[in-house]
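Peer 1: Please find model.csv (CSV, C-alpha atoms) on the next line:
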```
chain,number,residue,atom,x,y,z
A,1,MET,CA,0.0,0.0,0.0
A,2,PRO,CA,1.3,3.5,-0.7
A,3,LEU,CA,2.0,6.0,2.0
A,4,ARG,CA,-0.7,8.5,2.7
A,5,SER,CA,-0.2,12.3,2.7
A,6,GLY,CA,-0.7,12.7,6.5
A,7,LYS,CA,2.4,10.4,7.2
A,8,VAL,CA,4.9,12.6,5.4
A,9,SER,CA,6.2,15.6,7.4
A,10,GLN,CA,8.2,17.4,4.6
A,11,ASP,CA,7.2,18.1,1.0
A,12,ALA,CA,9.5,17.0,-1.7
A,13,VAL,CA,8.6,20.2,-3.7
A,14,HIS,CA,7.6,23.6,-2.4
A,15,HIS,CA,6.4,26.1,-4.9
A,16,PRO,CA,3.3,27.8,-3.3
A,17,LEU,CA,3.1,30.8,-5.6
A,18,PHE,CA,3.6,28.7,-8.8
A,19,ALA,CA,1.1,26.2,-7.5
A,20,ARG,CA,-1.6,28.9,-7.1
A,21,CYS,CA,-1.0,30.2,-10.6
A,22,TYR,CA,-0.9,26.7,-12.2
A,23,ALA,CA,-4.1,25.7,-10.5
A,24,ARG,CA,-5.9,28.7,-12.2
A,25,ILE,CA,-4.2,28.4,-15.6
A,26,SER,CA,-4.7,24.7,-15.9
A,27,VAL,CA,-8.4,24.9,-15.3
A,28,ALA,CA,-8.8,27.6,-17.9
A,29,ALA,CA,-6.7,25.5,-20.4
A,30,GLU,CA,-9.2,22.7,-20.2
A,31,THR,CA,-11.5,24.5,-22.6
A,32,ARG,CA,-9.4,27.4,-24.0
A,33,MET,CA,-6.5,25.3,-25.1
A,34,GLY,CA,-8.3,22.0,-25.6
A,35,MET,CA,-6.7,20.1,-22.7
A,36,GLY,CA,-9.9,18.3,-21.8
A,37,PRO,CA,-10.0,16.2,-25.0
A,38,ILE,CA,-6.2,15.6,-24.8
A,39,ARG,CA,-6.7,14.1,-21.3
A,40,GLY,CA,-9.4,11.9,-22.7
A,41,ARG,CA,-7.1,10.6,-25.5
A,42,LEU,CA,-4.2,10.2,-23.0
A,43,LEU,CA,-6.2,8.0,-20.6
A,44,GLY,CA,-8.7,6.2,-22.9
A,45,GLY,CA,-8.5,2.4,-22.7
A,46,LEU,CA,-6.4,2.1,-19.5
A,47,SER,CA,-7.3,-0.7,-17.1
A,48,GLY,CA,-6.0,-2.3,-13.9
A,49,ARG,CA,-3.9,-0.5,-11.3
A,50,VAL,CA,-2.4,2.9,-12.5
A,51,ILE,CA,0.2,5.1,-11.0
A,52,GLU,CA,0.1,8.8,-12.1
A,53,ILE,CA,3.3,10.8,-11.5
A,54,GLY,CA,2.9,14.5,-10.8
A,55,ALA,CA,-0.8,14.6,-10.6
A,56,GLY,CA,-1.0,18.3,-10.0
A,57,ASN,CA,-4.5,19.5,-9.1
A,58,GLY,CA,-6.0,16.2,-10.3
A,59,LEU,CA,-7.5,17.3,-13.6
A,60,ASN,CA,-6.8,13.9,-15.1
A,61,PHE,CA,-9.0,12.1,-12.6
A,62,ALA,CA,-12.3,12.8,-14.3
A,63,HIS,CA,-11.0,11.2,-17.5
A,64,TYR,CA,-10.0,7.7,-16.2
A,65,PRO,CA,-12.3,5.0,-17.7
A,66,GLY,CA,-14.3,2.7,-15.5
A,67,THR,CA,-11.9,-0.2,-16.4
A,68,VAL,CA,-9.3,1.3,-14.1
A,69,ALA,CA,-9.4,-0.5,-10.7
A,70,GLU,CA,-7.3,2.1,-8.8
A,71,VAL,CA,-5.2,5.2,-9.4
A,72,VAL,CA,-2.3,6.0,-7.1
A,73,ALA,CA,-1.6,9.7,-7.8
A,74,ILE,CA,1.8,11.0,-6.7
A,75,GLU,CA,2.0,14.8,-6.1
A,76,PRO,CA,4.9,16.4,-4.3
A,77,GLU,CA,3.6,20.0,-3.9
A,78,ARG,CA,1.3,20.5,-0.9
A,79,ARG,CA,-1.2,22.9,-2.3
A,80,LEU,CA,-1.6,21.0,-5.6
A,81,ARG,CA,-1.9,17.8,-3.6
A,82,HIS,CA,-4.8,19.3,-1.5
A,83,LEU,CA,-6.6,20.2,-4.7
A,84,ALA,CA,-5.9,16.7,-6.1
A,85,VAL,CA,-7.5,15.2,-3.0
A,86,GLU,CA,-10.7,17.2,-3.6
A,87,ALA,CA,-10.7,16.1,-7.3
A,88,ALA,CA,-10.2,12.5,-6.2
A,89,LEU,CA,-13.4,12.7,-4.1
A,90,ARG,CA,-15.3,13.5,-7.3
A,91,ALA,CA,-13.7,10.9,-9.5
A,92,GLU,CA,-15.6,7.9,-10.7
A,93,VAL,CA,-12.7,5.5,-10.1
A,94,PRO,CA,-10.8,5.0,-6.8
A,95,VAL,CA,-8.0,7.5,-6.5
A,96,ASP,CA,-5.4,7.6,-3.7
A,97,VAL,CA,-3.4,10.9,-3.6
A,98,VAL,CA,0.0,10.3,-2.2
A,99,PRO,CA,3.0,12.7,-1.5
A,100,GLY,CA,6.3,11.8,-2.9
A,101,ALA,CA,8.9,12.6,-5.6
A,102,ALA,CA,9.2,11.0,-9.0
A,103,GLU,CA,12.8,10.1,-8.2
A,104,ALA,CA,11.8,8.0,-5.2
A,105,LEU,CA,8.3,6.6,-5.6
A,106,PRO,CA,6.8,5.4,-2.3
A,107,VAL,CA,5.3,2.2,-3.8
A,108,LYS,CA,6.4,-1.4,-4.3
A,109,SER,CA,8.1,-2.7,-7.4
A,110,GLU,CA,6.1,-4.1,-10.3
A,111,GLY,CA,2.8,-3.2,-8.6
A,112,PHE,CA,1.1,-1.4,-11.5
A,113,ASP,CA,-0.3,-2.2,-14.9
A,114,ALA,CA,0.1,1.3,-16.3
A,115,ALA,CA,1.7,4.6,-15.5
A,116,VAL,CA,0.7,8.1,-16.6
A,117,VAL,CA,3.1,11.1,-16.9
A,118,SER,CA,1.4,14.3,-18.0
A,119,LEU,CA,3.3,17.6,-18.1
A,120,VAL,CA,5.7,16.4,-15.4
A,121,LEU,CA,9.0,15.3,-17.0
A,122,CYS,CA,9.7,19.0,-17.7
A,123,SER,CA,10.0,19.7,-14.0
A,124,VAL,CA,11.5,16.6,-12.3
A,125,ARG,CA,15.0,17.2,-11.0
A,126,ASP,CA,16.5,14.0,-12.4
A,127,VAL,CA,14.8,12.7,-15.5
A,128,PRO,CA,16.8,9.4,-15.8
A,129,ARG,CA,16.3,8.6,-12.2
A,130,ALA,CA,12.6,9.3,-12.4
A,131,LEU,CA,12.2,7.1,-15.4
A,132,ALA,CA,14.2,4.3,-13.7
A,133,GLU,CA,11.7,4.5,-10.9
A,134,LEU,CA,8.8,4.3,-13.4
A,135,ARG,CA,10.3,1.1,-14.8
A,136,ARG,CA,10.7,-0.3,-11.3
A,137,VAL,CA,7.1,0.1,-10.3
A,138,LEU,CA,5.6,-1.1,-13.6
A,139,ARG,CA,5.1,-4.8,-14.1
A,140,PRO,CA,6.9,-6.3,-17.1
A,141,GLY,CA,4.9,-5.3,-20.2
A,142,GLY,CA,3.3,-2.4,-18.3
A,143,GLU,CA,2.2,0.6,-20.3
A,144,VAL,CA,3.2,4.2,-20.0
A,145,ARG,CA,0.9,7.0,-21.3
A,146,PHE,CA,2.6,10.3,-21.7
A,147,PHE,CA,1.7,13.9,-22.7
A,148,GLU,CA,4.7,16.2,-22.4
A,149,HIS,CA,6.0,19.4,-23.8
A,150,GLY,CA,9.6,19.9,-24.9
A,151,ARG,CA,12.0,21.0,-27.6
A,152,GLY,CA,10.6,22.0,-30.9
A,153,GLY,CA,9.8,24.7,-33.5
A,154,GLY,CA,13.1,25.0,-35.4
A,155,ARG,CA,16.5,26.4,-34.6
A,156,ALA,CA,15.5,29.8,-33.4
A,157,MET,CA,12.9,28.4,-31.0
A,158,THR,CA,15.2,25.8,-29.7
A,159,LEU,CA,17.9,28.4,-28.9
A,160,THR,CA,15.2,30.4,-27.2
A,161,GLN,CA,14.1,27.4,-25.2
A,162,GLN,CA,17.7,26.6,-24.2
A,163,ALA,CA,18.3,30.2,-23.1
A,164,LEU,CA,15.1,30.2,-21.0
A,165,ASP,CA,16.1,26.9,-19.3
A,166,ARG,CA,19.5,28.3,-18.3
A,167,THR,CA,18.1,31.5,-16.9
A,168,VAL,CA,14.6,32.6,-15.7
A,169,TRP,CA,12.2,29.9,-16.7
A,170,PRO,CA,12.8,27.2,-14.1
A,171,VAL,CA,12.8,29.8,-11.3
A,172,LEU,CA,9.5,31.4,-12.5
A,173,SER,CA,7.7,28.1,-13.4
A,174,GLY,CA,8.2,25.7,-10.5
A,175,GLY,CA,11.3,24.0,-11.9
A,176,CYS,CA,9.8,23.6,-15.4
A,177,HIS,CA,12.2,23.3,-18.4
A,178,VAL,CA,11.1,23.9,-22.0
A,179,ALA,CA,14.0,22.3,-24.0
A,180,ARG,CA,13.8,18.7,-22.7
A,181,GLU,CA,13.2,15.8,-25.0
A,182,PRO,CA,10.7,13.4,-23.5
A,183,VAL,CA,10.6,10.8,-26.2
A,184,ARG,CA,14.4,10.5,-26.3
A,185,ALA,CA,14.4,10.3,-22.5
A,186,LEU,CA,11.9,7.4,-22.5
A,187,ARG,CA,13.9,5.6,-25.1
A,188,ASP,CA,17.2,6.1,-23.3
A,189,ALA,CA,15.6,4.8,-20.1
A,190,GLY,CA,14.9,1.5,-21.8
A,191,PHE,CA,11.2,1.8,-22.6
A,192,GLU,CA,9.8,0.5,-25.9
A,193,LEU,CA,8.2,3.4,-27.7
A,194,GLY,CA,4.7,2.8,-29.2
A,195,PRO,CA,2.8,5.2,-31.4
A,196,TYR,CA,3.2,8.9,-30.5
A,197,ARG,CA,2.4,12.2,-32.3
A,198,GLN,CA,3.3,15.8,-32.1
A,199,VAL,CA,0.7,18.2,-30.7
A,200,ARG,CA,0.8,22.0,-30.6
A,201,MET,CA,-0.8,23.8,-27.7
A,202,PRO,CA,-2.6,26.0,-28.5
A,203,ALA,CA,-3.2,24.5,-31.9
A,204,GLU,CA,-3.8,28.0,-33.4
A,205,GLY,CA,-2.4,31.4,-32.6
A,206,PRO,CA,1.2,32.3,-31.5
A,207,GLN,CA,3.6,29.4,-30.8
A,208,LEU,CA,5.2,29.6,-27.4
A,209,PRO,CA,8.2,27.9,-25.9
A,210,THR,CA,5.8,25.5,-24.2
A,211,SER,CA,3.7,24.8,-27.3
A,212,TYR,CA,5.6,21.8,-28.6
A,213,CYS,CA,4.0,18.7,-27.1
A,214,VAL,CA,4.0,14.9,-27.7
A,215,LEU,CA,1.2,12.5,-26.9
A,216,GLY,CA,1.9,8.8,-26.9
A,217,THR,CA,2.5,5.3,-25.5
A,218,ALA,CA,5.5,3.3,-24.3
A,219,TRP,CA,6.0,0.0,-22.5
A,220,ARG,CA,8.3,-1.6,-20.0
A,221,PRO,CA,9.9,-4.5,-22.0
A,222,VAL,CA,8.6,-7.9,-20.9
A,223,GLY,CA,12.1,-9.1,-20.3
A,224,GLY,CA,13.4,-6.0,-18.6
```
What does the file become when written as C-alpha cells?
Peer 2:
Amino acid sequence: MPLRSGKVSQDAVHHPLFARCYARISVAAETRMGMGPIRGRLLGGLSGRVIEIGAGNGLNFAHYPGTVAEVVAIEPERRLRHLAVEAALRAEVPVDVVPGAAEALPVKSEGFDAAVVSLVLCSVRDVPRALAELRRVLRPGGEVRFFEHGRGGGRAMTLTQQALDRTVWPVLSGGCHVAREPVRALRDAGFELGPYRQVRMPAEGPQLPTSYCVLGTAWRPVGG
C-alpha cells in the first residue's frame, strides 16, 4: 500500500506561488487550449492499477475510464496535492493521492499495470532517475501513457528554449524546463516506444516555448 499524505512531514517540492498560478491556468486550459480532449485521449483504454506521476491538481482524474481499478496519484507539492484530494473525491474511479517525488516513488516494485506522466517530465529534477523509478514500479509489459512538452519549433525556437532553461524559466515556473526531449528520455531509459504524435498547444495562434508537445504510449519491456 502507498504511504498517505498525513504520514509525510516534509514536502518534496515547495512552490506555493507557482502552485496557485498553475491551478488557475490549468483549469482555464481545459477549454481554451483543448486540454480536456487531450486528457481523454491520453487515458482512454487504460485498465487495472495505474500510477500517475505528478498529478498536479487532479484534472486527469475525471477522465479515467471505468476499467481502471485504482489510481495511485503522486504529487509532491502540498497545495496542488490538496486540490488533487478534492478532485479524487469527485472521481468515478478510486484515486489515492500520495506525497512523494518521481525520483523515489513510495510504492512497491512491479505493482502497477500502467503509468501516466502528464506535463511532469519537464519539471522533475533528475529525469533518468525518475524514469528508472517508473520502470521499477511497472510490471513487465506495463504501459506508459505520456503527454509532455519539450524541444521543438526549429533552430530559433530551440535556442530560445535553451536560453530560458539556463536563466529565468525554471525559477518562475516551479522548476519547469522547455527544452527537454521526453521521447528520447523514455527511449534512453529502456522503454519500448509505441505510437506517438506531435501536438501543438494551442493549436492555433502564436507558438510559445511551451507549445511543442508529444502524446503517446510506451511499454516496459517484458524481459526488462
Peer 1: Pick out the closest residue to Arg180 (chain A) from this set: A:Phe146, A:Tyr212, A:Trp219, A:Phe112. Count all atoms listed in the file.
Peer 2: A:Tyr212
Peer 1: Within 10 Å of Ile38 (chain A), counting all atoms listed in the file, which residues qualify if same-chain residues fewer than 2 places away don't, as a list in words?
Peer 2: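 Selected residues are Glu30, Met33, Gly34, Met35, Gly36, Gly40, Arg41, Leu42, Leu43, Gly44, Asn60, His63, Phe147, Val199 and Leu215 of chain A.
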Peer 1: Would you compute the distance between CA of Ala62 (chain A) and CA of Ala114 (chain A)? Give it in Å to one decimal.
Peer 2: 17.0 Å
Peer 1: Nearest to Glu86 (chain A) among A:Ile51, A:Val27, A:Leu59, A:Ala189, with distances taken over all atoms listed in the file: which residue is it?
Peer 2: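 For Glu86 (chain A), the nearest of the candidates is A:Leu59.
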Peer 1: Name the closest residue to Gly154 (chain A) among the candidates A:Ala87, A:Leu193, A:Val222, A:Ala179; distances are taken between atoms, counting all atoms listed in the file.
Peer 2: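 Answer, going by the shortest atom-to-atom distance: A:Ala179.
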Peer 1: Using only C-alpha atoms, which of the listed residues (A:Gly56, A:Pro99, A:Pro209, A:Pro65) sits closest to Gln161 (chain A)?
Peer 2: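 Of A:Gly56, A:Pro99, A:Pro209, A:Pro65, the one nearest Gln161 (chain A) is A:Pro209, counting only C-alpha atoms.
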Peer 1: Within 8 Å of Pro182 (chain A), counting only C-alpha atoms, which residues show up once you throw out same-chain ones fewer than 3 positions away? Write them as a PDB file with C-alpha atoms, in the frame of the given file, please.
Peer 2:
```
ATOM      1  CA  LEU A 121       9.000  15.300 -17.000  1.00  0.00           C
ATOM      2  CA  GLU A 148       4.700  16.200 -22.400  1.00  0.00           C
ATOM      3  CA  HIS A 149       6.000  19.400 -23.800  1.00  0.00           C
ATOM      4  CA  GLY A 150       9.600  19.900 -24.900  1.00  0.00           C
ATOM      5  CA  ALA A 185      14.400  10.300 -22.500  1.00  0.00           C
ATOM      6  CA  LEU A 186      11.900   7.400 -22.500  1.00  0.00           C
TER       7      LEU A 186
END
```
Peer 1: Within 6 Å of region 72-83 of chain A, counting only C-alpha atoms, which residues show up once you throw out same-chain ones fewer than 5 positions away? Write them as a PyMOL selection string, please.
Peer 2: chain A and resi 12-14+51-57+95-101
Peer 1: Output the selection as a tab-separated table (two decimals), in the frame of the given file - C-alpha atoms for each residue.
Peer 2:
```tsv
chain	number	residue	atom	x	y	z
A	12	ALA	CA	9.50	17.00	-1.70
A	13	VAL	CA	8.60	20.20	-3.70
A	14	HIS	CA	7.60	23.60	-2.40
A	51	ILE	CA	0.20	5.10	-11.00
A	52	GLU	CA	0.10	8.80	-12.10
A	53	ILE	CA	3.30	10.80	-11.50
A	54	GLY	CA	2.90	14.50	-10.80
A	55	ALA	CA	-0.80	14.60	-10.60
A	56	GLY	CA	-1.00	18.30	-10.00
A	57	ASN	CA	-4.50	19.50	-9.10
A	95	VAL	CA	-8.00	7.50	-6.50
A	96	ASP	CA	-5.40	7.60	-3.70
A	97	VAL	CA	-3.40	10.90	-3.60
A	98	VAL	CA	0.00	10.30	-2.20
A	99	PRO	CA	3.00	12.70	-1.50
A	100	GLY	CA	6.30	11.80	-2.90
A	101	ALA	CA	8.90	12.60	-5.60
```
